[in-house]
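> See final.cif below, with mmCIF, C-alpha atoms.
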data_target
#
loop_
_atom_site.label_atom_id
_atom_site.label_comp_id
_atom_site.auth_asym_id
_atom_site.auth_seq_id
_atom_site.Cartn_x
_atom_site.Cartn_y
_atom_site.Cartn_z
CA MET A 1 0.00 0.00 0.00
CA ASN A 2 1.06 3.57 -0.55
CA LYS A 3 3.19 5.03 2.25
CA THR A 4 3.21 8.71 1.46
CA THR A 5 1.30 11.34 3.42
CA GLU A 6 1.23 13.80 0.51
CA LEU A 7 -2.16 15.00 -0.72
CA PHE A 8 -1.28 14.26 -4.34
CA ALA A 9 -1.34 10.46 -4.48
CA PRO A 10 1.10 8.29 -6.44
CA GLY A 11 -0.10 5.94 -9.15
CA HIS A 12 -1.08 8.79 -11.49
CA ARG A 13 -0.19 8.45 -15.18
CA GLY A 14 2.23 11.38 -15.52
CA CYS A 15 5.43 10.71 -17.49
CA ALA A 16 8.53 9.77 -15.50
CA GLY A 17 9.92 13.15 -14.42
CA CYS A 18 6.63 15.02 -14.94
CA CYS A 19 6.67 18.73 -14.09
CA ASP A 20 2.88 18.92 -13.63
CA ALA A 21 2.96 16.17 -11.00
CA LEU A 22 5.66 18.13 -9.17
CA ALA A 23 3.63 21.32 -9.43
CA ALA A 24 0.47 19.64 -8.11
CA LYS A 25 2.42 18.13 -5.23
CA PHE A 26 3.93 21.51 -4.23
CA MET A 27 0.61 23.33 -4.49
CA LEU A 28 -1.25 20.88 -2.26
CA LYS A 29 1.68 20.80 0.15
CA ALA A 30 1.56 24.59 0.39
CA VAL A 31 -2.19 25.05 0.71
CA GLY A 32 -3.14 21.97 2.74
CA GLU A 33 -6.29 19.89 2.68
CA ASN A 34 -8.79 22.71 3.17
CA CYS A 35 -9.00 23.56 -0.52
CA ILE A 36 -11.12 22.84 -3.55
CA VAL A 37 -9.28 22.34 -6.82
CA VAL A 38 -10.67 23.06 -10.27
CA THR A 39 -8.71 21.94 -13.30
CA PRO A 40 -9.52 22.56 -16.94
CA THR A 41 -8.68 19.96 -19.56
CA GLY A 42 -4.96 19.38 -19.98
CA CYS A 43 -2.15 17.06 -19.09
CA LEU A 44 -2.66 17.52 -15.35
CA GLU A 45 -6.37 16.70 -15.55
CA VAL A 46 -5.90 13.71 -17.85
CA PHE A 47 -3.07 11.98 -16.04
CA SER A 48 -4.28 12.68 -12.50
CA THR A 49 -7.84 11.41 -13.03
CA PRO A 50 -8.00 8.40 -15.34
CA PHE A 51 -11.61 7.32 -14.74
CA PRO A 52 -12.53 5.76 -12.31
CA GLU A 53 -9.52 6.92 -10.30
CA SER A 54 -8.24 10.21 -8.93
CA ALA A 55 -4.85 11.22 -7.56
CA TRP A 56 -6.37 14.15 -5.65
CA ASN A 57 -6.95 13.78 -1.93
CA VAL A 58 -8.90 17.06 -1.87
CA PRO A 59 -12.23 17.94 -3.49
CA TRP A 60 -11.59 18.28 -7.20
CA ILE A 61 -13.76 19.23 -10.16
CA HIS A 62 -13.27 19.30 -13.91
CA SER A 63 -15.73 20.58 -16.46
CA LEU A 64 -14.32 21.84 -19.78
CA PHE A 65 -11.15 23.19 -21.35
CA GLU A 66 -12.24 26.84 -21.39
CA ASN A 67 -14.12 27.32 -18.14
CA ALA A 68 -11.89 26.51 -15.15
CA ALA A 69 -12.03 30.12 -13.90
CA ALA A 70 -15.81 30.22 -14.38
CA VAL A 71 -16.24 26.94 -12.47
CA ALA A 72 -13.97 28.25 -9.70
CA SER A 73 -16.10 31.44 -9.57
CA GLY A 74 -19.18 29.25 -9.19
CA VAL A 75 -17.60 27.19 -6.42
CA GLU A 76 -16.67 30.36 -4.56
CA ALA A 77 -20.09 31.97 -5.04
CA ALA A 78 -21.86 28.78 -3.94
CA LEU A 79 -19.77 28.47 -0.77
CA LYS A 80 -20.46 32.11 0.06
CA ALA A 81 -24.21 31.72 -0.57
CA LEU A 82 -24.31 28.67 1.69
CA GLY A 83 -22.30 30.49 4.36
CA ARG A 84 -19.55 27.88 4.18
CA LYS A 85 -16.68 29.83 2.65
CA ASN A 86 -14.78 30.18 5.96
CA ASP A 87 -11.10 29.42 5.33
CA THR A 88 -11.64 27.15 2.37
CA LYS A 89 -9.25 28.02 -0.45
CA ILE A 90 -10.31 27.71 -4.06
CA MET A 91 -7.61 26.98 -6.56
CA ALA A 92 -7.92 26.64 -10.32
CA ILE A 93 -4.89 24.94 -11.84
CA GLY A 94 -4.61 25.19 -15.61
CA GLY A 95 -1.95 24.56 -18.20
CA ASP A 96 -0.66 27.27 -20.50
CA GLY A 97 -3.13 26.37 -23.26
CA ALA A 98 -6.12 26.48 -20.94
CA THR A 99 -4.92 29.73 -19.35
CA ILE A 100 -3.26 31.79 -22.04
CA ASP A 101 -5.33 30.77 -25.08
CA ILE A 102 -8.55 28.86 -24.51
CA GLY A 103 -9.58 29.94 -21.01
CA ILE A 104 -8.49 33.58 -21.08
CA ARG A 105 -12.03 34.95 -21.54
CA GLY A 106 -13.41 33.07 -18.54
CA LEU A 107 -10.32 33.94 -16.54
CA SER A 108 -10.62 37.62 -17.40
CA GLY A 109 -14.28 37.60 -16.37
CA ALA A 110 -13.58 35.89 -13.05
CA PHE A 111 -10.85 38.42 -12.20
CA GLU A 112 -13.01 41.34 -13.29
CA ARG A 113 -15.86 40.12 -11.02
CA GLY A 114 -13.35 39.87 -8.19
CA HIS A 115 -13.97 36.34 -6.94
CA ASP A 116 -11.84 35.23 -4.00
CA PHE A 117 -9.79 32.47 -5.60
CA THR A 118 -6.31 31.68 -6.88
CA TYR A 119 -5.55 30.78 -10.46
CA VAL A 120 -2.31 28.88 -11.02
CA CYS A 121 -0.99 28.49 -14.54
CA VAL A 122 1.43 25.56 -14.88
CA ASP A 123 3.19 26.68 -18.02
CA ASN A 124 5.00 23.98 -19.99
CA GLU A 125 4.97 26.16 -23.08
CA ALA A 126 2.85 24.12 -25.54
CA TYR A 127 -0.16 21.79 -25.75
CA MET A 128 1.71 18.74 -24.44
CA ASN A 129 -1.31 16.52 -23.81
CA THR A 130 -2.40 16.51 -27.45
CA GLY A 131 1.09 16.22 -28.92
CA VAL A 132 3.12 19.41 -28.54
CA GLN A 133 1.18 22.01 -30.54
CA ARG A 134 2.15 25.66 -30.23
CA SER A 135 0.35 27.75 -27.60
CA GLY A 136 0.49 31.40 -26.63
CA GLY A 137 3.05 30.35 -24.03
CA THR A 138 5.48 28.83 -26.54
CA PRO A 139 8.73 30.82 -26.57
CA PHE A 140 10.35 32.40 -29.61
CA ALA A 141 12.11 29.95 -31.99
CA ALA A 142 10.94 26.74 -30.30
CA THR A 143 9.96 23.94 -32.64
CA THR A 144 6.55 22.36 -32.05
CA THR A 145 4.41 20.12 -34.27
CA THR A 146 2.53 23.19 -35.55
CA THR A 147 5.59 25.44 -35.83
CA PRO A 148 8.12 22.88 -37.09
CA ALA A 149 11.64 24.10 -37.75
CA GLY A 150 13.00 23.27 -41.19
CA LYS A 151 14.35 24.85 -44.34
CA ALA A 152 11.71 27.60 -44.40
CA SER A 153 11.22 28.15 -40.68
CA PHE A 154 13.25 28.52 -37.51
CA GLY A 155 10.29 27.47 -35.34
CA ASN A 156 7.82 29.64 -33.43
CA LEU A 157 7.81 33.14 -34.90
CA ARG A 158 6.38 35.02 -31.93
CA PRO A 159 7.61 35.57 -28.39
CA LYS A 160 5.75 34.25 -25.35
CA LYS A 161 2.62 36.14 -24.30
CA ASN A 162 3.22 38.08 -21.08
CA MET A 163 0.36 36.56 -19.10
CA PRO A 164 1.33 37.85 -15.61
CA GLN A 165 1.14 41.44 -16.92
CA ILE A 166 -2.31 40.75 -18.39
CA MET A 167 -3.55 39.47 -15.03
CA LEU A 168 -1.95 42.45 -13.32
CA ALA A 169 -3.91 44.74 -15.62
CA HIS A 170 -7.08 43.28 -14.07
CA GLY A 171 -6.10 44.90 -10.76
CA SER A 172 -5.22 41.63 -9.06
CA PRO A 173 -3.85 42.21 -5.52
CA TYR A 174 -1.22 39.49 -5.92
CA VAL A 175 0.50 38.16 -9.03
CA ALA A 176 3.62 36.02 -8.86
CA THR A 177 5.89 34.13 -11.21
CA THR A 178 7.78 31.06 -10.02
CA SER A 179 9.15 27.72 -11.20
CA VAL A 180 8.87 24.05 -10.22
CA ALA A 181 12.66 24.10 -9.96
CA TYR A 182 12.39 26.23 -6.80
CA PRO A 183 9.94 24.27 -4.59
CA LYS A 184 10.26 26.51 -1.55
CA ASP A 185 9.77 29.69 -3.58
CA MET A 186 6.80 28.13 -5.36
CA MET A 187 5.15 26.90 -2.17
CA ARG A 188 5.57 30.29 -0.49
CA LYS A 189 4.02 32.11 -3.44
CA VAL A 190 1.08 29.70 -3.85
CA LYS A 191 0.36 29.84 -0.12
CA LYS A 192 0.50 33.62 -0.12
CA ALA A 193 -1.74 33.82 -3.20
CA THR A 194 -4.42 31.72 -1.51
CA GLU A 195 -4.20 33.81 1.66
CA VAL A 196 -4.66 37.15 -0.11
CA THR A 197 -8.35 38.03 -0.49
CA GLY A 198 -9.48 38.52 -4.07
CA PRO A 199 -8.49 36.99 -7.39
CA THR A 200 -4.79 36.13 -7.36
CA TYR A 201 -2.58 34.65 -10.05
CA VAL A 202 0.58 32.52 -9.94
CA HIS A 203 2.43 31.63 -13.13
CA VAL A 204 4.62 28.54 -12.74
CA HIS A 205 7.32 27.70 -15.27
CA ALA A 206 7.38 23.92 -15.75
CA PRO A 207 9.87 22.09 -18.00
CA CYS A 208 8.18 19.19 -19.84
CA THR A 209 10.42 16.19 -20.49
CA THR A 210 8.31 14.91 -23.40
CA GLY A 211 7.53 18.15 -25.19
CA TRP A 212 10.85 19.93 -24.76
CA GLY A 213 12.94 16.85 -25.43
CA PHE A 214 15.25 16.24 -22.49
CA ASP A 215 15.86 13.36 -20.11
CA GLY A 216 13.25 13.00 -17.34
CA SER A 217 15.90 13.33 -14.65
CA LYS A 218 16.65 16.92 -15.75
CA THR A 219 13.23 18.50 -15.11
CA ILE A 220 14.41 20.56 -12.15
CA GLU A 221 17.82 21.26 -13.68
CA LEU A 222 16.19 22.74 -16.81
CA GLY A 223 13.83 24.88 -14.73
CA ARG A 224 16.82 26.23 -12.83
CA LEU A 225 18.66 27.00 -16.09
CA ALA A 226 15.67 29.01 -17.38
CA VAL A 227 15.83 31.15 -14.24
CA GLU A 228 19.63 31.45 -14.20
CA THR A 229 19.75 32.56 -17.85
CA ALA A 230 17.12 35.25 -17.03
CA LEU A 231 14.69 33.81 -19.58
CA TRP A 232 12.23 33.25 -16.73
CA PRO A 233 12.20 36.05 -14.13
CA MET A 234 10.65 35.08 -10.79
CA MET A 235 8.93 37.83 -8.80
CA ASP A 236 6.15 38.87 -6.43
CA ILE A 237 3.87 41.69 -7.52
CA GLU A 238 1.62 43.08 -4.79
CA ASN A 239 -1.05 45.66 -5.67
CA GLY A 240 0.80 46.47 -8.87
CA ASP A 241 4.27 46.96 -7.35
CA ILE A 242 7.11 44.50 -7.72
CA THR A 243 7.93 43.65 -4.10
CA GLY A 244 10.34 40.77 -4.54
CA VAL A 245 12.63 39.52 -7.30
CA HIS A 246 14.65 36.32 -7.35
CA LYS A 247 18.21 37.57 -7.85
CA ILE A 248 20.53 35.59 -10.12
CA ARG A 249 23.99 35.01 -8.65
CA ASN A 250 25.76 33.82 -11.81
CA LYS A 251 23.92 34.79 -14.94
CA ARG A 252 24.48 32.11 -17.56
CA PRO A 253 24.42 32.42 -21.37
CA VAL A 254 21.16 31.27 -23.00
CA GLU A 255 23.05 28.68 -25.09
CA GLU A 256 23.32 26.48 -21.99
CA TYR A 257 19.55 26.40 -21.67
CA LEU A 258 18.86 26.03 -25.41
CA LYS A 259 21.45 23.29 -25.98
CA ALA A 260 19.88 21.05 -23.36
CA GLN A 261 16.57 20.76 -25.25
CA LYS A 262 15.55 19.15 -28.54
CA ARG A 263 13.04 21.93 -29.29
CA PHE A 264 15.90 24.43 -29.72
CA LYS A 265 18.47 22.03 -31.18
CA HIS A 266 17.93 23.28 -34.76
CA LEU A 267 19.24 26.73 -33.79
CA PHE A 268 22.74 25.27 -33.59
CA SER A 269 22.67 23.84 -37.14
CA ILE A 270 20.45 25.98 -39.41
CA PRO A 271 21.88 28.95 -41.33
CA GLY A 272 21.15 32.12 -39.38
CA GLY A 273 20.72 30.14 -36.16
CA ALA A 274 23.39 32.20 -34.42
CA ASP A 275 21.36 35.39 -35.06
CA ILE A 276 18.26 33.78 -33.53
CA ILE A 277 20.25 32.74 -30.45
CA LYS A 278 21.48 36.34 -30.24
CA LYS A 279 17.86 37.54 -30.28
CA ILE A 280 16.99 35.11 -27.47
CA GLN A 281 19.99 36.41 -25.52
CA GLU A 282 18.63 39.94 -26.02
CA LEU A 283 15.28 38.82 -24.55
CA ALA A 284 17.11 37.44 -21.52
CA ASP A 285 19.21 40.61 -21.15
CA TRP A 286 16.07 42.73 -21.40
CA ASN A 287 14.50 40.71 -18.57
CA ALA A 288 17.63 41.11 -16.46
CA ASP A 289 17.67 44.89 -17.00
CA GLN A 290 13.94 45.44 -16.67
CA TYR A 291 13.51 43.50 -13.44
CA ASP A 292 16.99 44.05 -12.02
CA LEU A 293 17.65 40.31 -11.67
CA MET B 1 -35.24 9.27 -19.13
CA SER B 2 -34.76 9.93 -15.45
CA SER B 3 -35.80 13.32 -14.13
CA LYS B 4 -32.70 13.35 -11.94
CA LEU B 5 -29.84 15.51 -13.19
CA CYS B 6 -26.68 13.55 -13.85
CA ILE B 7 -23.85 15.28 -11.99
CA GLY B 8 -21.04 13.50 -13.82
CA GLY B 9 -18.49 10.92 -12.84
CA ILE B 10 -17.60 10.71 -9.17
CA VAL B 11 -14.52 8.85 -8.00
CA GLU B 12 -12.81 8.16 -4.67
CA PRO B 13 -10.04 10.58 -3.58
CA GLY B 14 -6.49 9.30 -3.94
CA SER B 15 -7.67 6.16 -5.71
CA THR B 16 -4.84 6.10 -8.28
CA VAL B 17 -2.83 4.20 -5.65
CA ILE B 18 -4.30 0.98 -7.04
CA ASN B 19 -2.17 1.58 -10.13
CA LYS B 20 1.39 0.56 -9.27
CA THR B 21 3.55 2.54 -11.66
CA GLY B 22 6.76 0.82 -10.57
CA SER B 23 6.46 -1.43 -13.63
CA TRP B 24 7.26 1.57 -15.88
CA ARG B 25 10.83 1.71 -14.60
CA THR B 26 13.94 1.16 -16.72
CA PHE B 27 16.47 2.49 -14.20
CA LYS B 28 16.16 1.84 -10.52
CA PRO B 29 17.33 4.30 -7.85
CA ILE B 30 19.57 2.74 -5.18
CA TYR B 31 19.72 4.76 -1.97
CA GLN B 32 23.01 4.65 -0.06
CA LYS B 33 22.23 5.59 3.52
CA GLU B 34 25.87 6.07 4.54
CA LYS B 35 26.31 9.02 2.13
CA CYS B 36 23.01 10.71 3.04
CA ILE B 37 23.04 14.07 4.86
CA LYS B 38 19.23 14.06 5.40
CA CYS B 39 18.72 17.28 3.42
CA GLY B 40 15.40 16.02 2.04
CA ILE B 41 15.88 17.38 -1.49
CA CYS B 42 15.13 13.93 -2.98
CA GLU B 43 11.87 13.65 -1.08
CA LEU B 44 10.81 17.12 -2.20
CA SER B 45 11.75 16.63 -5.84
CA CYS B 46 10.04 13.26 -6.40
CA PRO B 47 7.01 13.66 -8.71
CA GLU B 48 5.59 10.33 -7.52
CA ASN B 49 5.91 10.99 -3.77
CA CYS B 50 7.68 7.67 -3.42
CA ILE B 51 10.69 8.78 -1.35
CA ILE B 52 9.54 8.32 2.22
CA LYS B 53 11.16 9.70 5.37
CA THR B 54 11.82 6.96 7.92
CA GLU B 55 11.75 7.34 11.71
CA ASP B 56 15.54 7.81 11.95
CA GLY B 57 15.42 10.78 9.53
CA TYR B 58 16.82 8.88 6.55
CA TYR B 59 14.81 7.89 3.49
CA GLU B 60 13.49 4.81 1.75
CA ILE B 61 12.19 4.40 -1.78
CA ASP B 62 8.75 2.97 -2.47
CA TYR B 63 9.49 0.84 -5.53
CA ASP B 64 5.77 0.12 -6.02
CA TYR B 65 5.35 3.57 -7.55
CA CYS B 66 8.86 4.77 -8.56
CA LYS B 67 8.90 5.32 -12.34
CA GLY B 68 12.69 5.64 -12.37
CA CYS B 69 12.80 9.23 -13.68
CA GLY B 70 16.05 9.89 -11.82
CA ILE B 71 15.30 13.43 -10.62
CA CYS B 72 16.26 12.37 -7.06
CA SER B 73 19.63 11.09 -8.24
CA ASN B 74 20.22 14.21 -10.37
CA GLU B 75 19.32 16.63 -7.58
CA CYS B 76 21.07 14.91 -4.66
CA PRO B 77 24.03 17.09 -3.57
CA ARG B 78 25.96 14.07 -2.21
CA GLU B 79 25.41 11.47 -4.95
CA THR B 80 23.54 9.32 -2.48
CA ILE B 81 21.19 7.85 -5.07
CA GLU B 82 22.62 5.75 -7.87
CA MET B 83 20.57 4.78 -10.92
CA VAL B 84 21.14 1.19 -12.04
CA LEU B 85 19.53 -0.76 -14.87
CA GLU B 86 16.47 -2.60 -13.62
CA GLU B 87 16.73 -6.37 -14.09
CA LYS B 88 13.84 -8.65 -13.35
#
Render the structure in this file as structure tokens.


Amino acid sequence: MNKTTELFAPGHRGCAGCCDALAAKFMLKAVGENCIVVTPTGCLEVFSTPFPESAWNVPWIHSLFENAAAVASGVEAALKALGRKNDTKIMAIGGDGATIDIGIRGLSGAFERGHDFTYVCVDNEAYMNTGVQRSGGTPFAATTTTTPAGKASFGNLRPKKNMPQIMLAHGSPYVATTSVAYPKDMMRKVKKATEVTGPTYVHVHAPCTTGWGFDGSKTIELGRLAVETALWPMMDIENGDITGVHKIRNKRPVEEYLKAQKRFKHLFSIPGGADIIKKIQELADWNADQYDL
Amino acid sequence: MSSKLCIGGIVEPGSTVINKTGSWRTFKPIYQKEKCIKCGICELSCPENCIIKTEDGYYEIDYDYCKGCGICSNECPRETIEMVLEEK
């Protein structure tokens, strides 16, 4: 029988080295059992609840791909109407596709109405569950099955959508960015987000072994590299002001991060690849300057 | 047709434990207690929650669920966990 005391049970169908499983574990560890989780369709939903099983040891609900924030709003409104809200935390946990593309309308509405819940986006930068299609979270120059790199293309043409800034524009009292590679940082931010009253947003960077093309043992290592190259800035934003930034001790060149993944491998062989890498380095340098990393 | 509204599928919490994912493994983590400094990084970084703290503060691996991803071995600061090819 299973020996763990964690709220996210083993036996789920996540890949070996799954970032979503790590994220779910950290979130439940941080928030505790007094929470209700809503997940939209996505990897996390599919692998954690293969019918008739569930890996969640807390109340959990799934409805559709696009409506996690709307369902979470309903859960919150229902608890309030019944006088049972008390300290119960409501968390919606979506992937980048469900958050940045498909669910953004529902999410925007829920934040605008000001429901007291936390939305966590576990961003693995493409639609991994359906076979690595490009999403609004896919970074510049990454190859996916819908933006394949080849003779006529260097991969994804557009940079990543800045989702935390969009949520900030809704007047959210707490927005944070973090990574599964920094469990303590992530747990602190998720806990804080659930404790702040009002709609709060946490964006979690999560390296996907299958979609990004690296060995399953390197999930945390890759996440750390994204932060140390300044491609993923981690910060707390309270009431619109940046109140905490994760400082980088030794800033590393982006090549180290890119070389470790199959989705950027073409940049080191195609003509003009060096210029693209230079552009990615500029993005990282911009982050470092802008947020004083 | 029943007049009752169907509220969807309902399942037991934590019921995935019936599915022992240890059979997925290609490499098996071997924990060497004598090198361990009890930092707990392996326990924290296991996506399957199958590194369990024992009463003496050291750890044991639940091979029923370990998928052999090797994150524990990769993250351990003291090379306490060695990955070896699984042979049955």

> At a cut-off of 7 Å, which residues of chain A touch chain B? Count all atoms listed in the file and give the answer as a list in words.

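Output check: Asn2, Thr4, Glu6, Ala9, Pro10, Gly11, His12, Ala16, Gly17, Cys18, Ala21, Leu22, Pro52, Glu53, Ser54, Ala55, Trp56, Asn57, Val58, Gly216, Ser217 and Lys218 of chain A.
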
> Once the PyMOL selection byres ((chain A and resi 200-202) around 9) has been evaluated on this model, what residues remain selected, and can you format them as a list in words?

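Output of the PyMOL selection byres ((chain A and resi 200-202) around 9): Phe111, Asp116, Phe117, Thr118, Tyr119, Val120, Cys121, Val122, Pro164, Met167, Leu168, Ser172, Pro173, Tyr174, Val175, Ala176, Thr177, Thr178, Met186, Lys189, Val190, Ala193, Thr194, Val196, Thr197, Gly198, Pro199, His203 and Val204 of chain A.
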
> Could you tell me which residues the PyMOL selection byres ((chain B and resi 59) around 9) grabs in this file, written as number ranges by chain?

B: 31, 33, 36, 38, 40, 42-43, 51-58, 60-61

> Take atom CA of A:Asn34 and atom CA of A:Asp185 and report the distance between them in Å, one decimal.

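So the answer is 20.9 Å.
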
> Between A:Gly240, A:Thr145, A:Ala226, A:Trp212, which residue has the minimum interatomic distance to A:Tyr182, considering all atoms listed in the file?

A:Ala226

> Can you tell me how far atom CA of A:Ala30 sits from atom CA of A:Phe8, in Å to one decimal?

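Computed distance, atom CA of A:Ala30 to atom CA of A:Phe8, equals 11.7 Å.
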
> In Å, how far is it from atom CA of A:Gly136 to atom CA of A:Ile166?

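If I compute the distance from atom CA of A:Gly136 to atom CA of A:Ile166, I get 12.8 Å.
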
> Take the PyMOL selection byres ((chain A and resi 78-93) around 9), run it mentally on this structure, and tell me the resulting residues as a PDB file with C-alpha atoms, in the coordinates of the input.


ATOM      1  CA  ALA A  24       0.470  19.640  -8.110  1.00  0.00           C
ATOM      2  CA  VAL A  31      -2.190  25.050   0.710  1.00  0.00           C
ATOM      3  CA  ASN A  34      -8.790  22.710   3.170  1.00  0.00           C
ATOM      4  CA  CYS A  35      -9.000  23.560  -0.520  1.00  0.00           C
ATOM      5  CA  ILE A  36     -11.120  22.840  -3.550  1.00  0.00           C
ATOM      6  CA  VAL A  37      -9.280  22.340  -6.820  1.00  0.00           C
ATOM      7  CA  VAL A  38     -10.670  23.060 -10.270  1.00  0.00           C
ATOM      8  CA  THR A  39      -8.710  21.940 -13.300  1.00  0.00           C
ATOM      9  CA  PRO A  40      -9.520  22.560 -16.940  1.00  0.00           C
ATOM     10  CA  LEU A  44      -2.660  17.520 -15.350  1.00  0.00           C
ATOM     11  CA  ALA A  68     -11.890  26.510 -15.150  1.00  0.00           C
ATOM     12  CA  ALA A  69     -12.030  30.120 -13.900  1.00  0.00           C
ATOM     13  CA  VAL A  71     -16.240  26.940 -12.470  1.00  0.00           C
ATOM     14  CA  ALA A  72     -13.970  28.250  -9.700  1.00  0.00           C
ATOM     15  CA  SER A  73     -16.100  31.440  -9.570  1.00  0.00           C
ATOM     16  CA  GLY A  74     -19.180  29.250  -9.190  1.00  0.00           C
ATOM     17  CA  VAL A  75     -17.600  27.190  -6.420  1.00  0.00           C
ATOM     18  CA  GLU A  76     -16.670  30.360  -4.560  1.00  0.00           C
ATOM     19  CA  ALA A  77     -20.090  31.970  -5.040  1.00  0.00           C
ATOM     20  CA  GLY A  94      -4.610  25.190 -15.610  1.00  0.00           C
ATOM     21  CA  GLY A  95      -1.950  24.560 -18.200  1.00  0.00           C
ATOM     22  CA  THR A  99      -4.920  29.730 -19.350  1.00  0.00           C
ATOM     23  CA  ASP A 116     -11.840  35.230  -4.000  1.00  0.00           C
ATOM     24  CA  PHE A 117      -9.790  32.470  -5.600  1.00  0.00           C
ATOM     25  CA  THR A 118      -6.310  31.680  -6.880  1.00  0.00           C
ATOM     26  CA  TYR A 119      -5.550  30.780 -10.460  1.00  0.00           C
ATOM     27  CA  VAL A 120      -2.310  28.880 -11.020  1.00  0.00           C
ATOM     28  CA  CYS A 121      -0.990  28.490 -14.540  1.00  0.00           C
ATOM     29  CA  VAL A 122       1.430  25.560 -14.880  1.00  0.00           C
ATOM     30  CA  THR A 194      -4.420  31.720  -1.510  1.00  0.00           C
ATOM     31  CA  GLU A 195      -4.200  33.810   1.660  1.00  0.00           C
TER      32      GLU A 195
END

> Excluding stretch 150-161 of chain A and residues on its chain fewer than 2 positions from it, collect all residues at most 10 Å away from it, counting all atoms listed in the file, and give them as JSON, numbers by chain.

{"A": [100, 101, 125, 134, 135, 136, 137, 138, 139, 140, 141, 142, 143, 144, 145, 146, 147, 148, 163, 164, 165, 166, 263, 264, 266, 267, 270, 271, 272, 273, 276, 280, 283]}

> To test the calculation: enclose all listed atoms of stretch 56-73 of chain B in a box whose edges run along x, y and z, add 6 Å on each side, then state centre and edge lengths in Å to one decimal, as lines of an AutoDock Vina configuration file.


center_x = 12.5
center_y = 6.8
center_z = -0.9
size_x = 26.3
size_y = 25.3
size_z = 37.6

> Can you pull out the residues contacting B:Glu86? Cut-off 8 Å, using all atoms listed in the file, and skip same-chain residues under 3 positions away; I want them as an mmCIF file with C-alpha atoms, keeping the file's coordinate frame.


data_model
loop_
_atom_site.group_PDB
_atom_site.id
_atom_site.type_symbol
_atom_site.label_atom_id
_atom_site.label_comp_id
_atom_site.auth_asym_id
_atom_site.auth_seq_id
_atom_site.Cartn_x
_atom_site.Cartn_y
_atom_site.Cartn_z
ATOM 1 C CA ARG B 25 10.830 1.710 -14.600
ATOM 2 C CA THR B 26 13.940 1.160 -16.720
ATOM 3 C CA PHE B 27 16.470 2.490 -14.200
ATOM 4 C CA LYS B 28 16.160 1.840 -10.520
#

> Do you know which residues are at most 12 Å from A:Asp285 counting all atoms listed in the file, after dropping those on the same chain fewer than 2 positions away, and could you put them as JSON, numbers by chain?

{"A": [228, 229, 230, 231, 232, 233, 251, 252, 253, 254, 278, 279, 280, 281, 282, 283, 287, 288, 289, 290, 291, 292, 293]}

> Counting only C-alpha atoms, which of A:His205, A:Asn124, A:Gly97, A:Gly171 gets nearest to A:Asn239?

A:Gly171
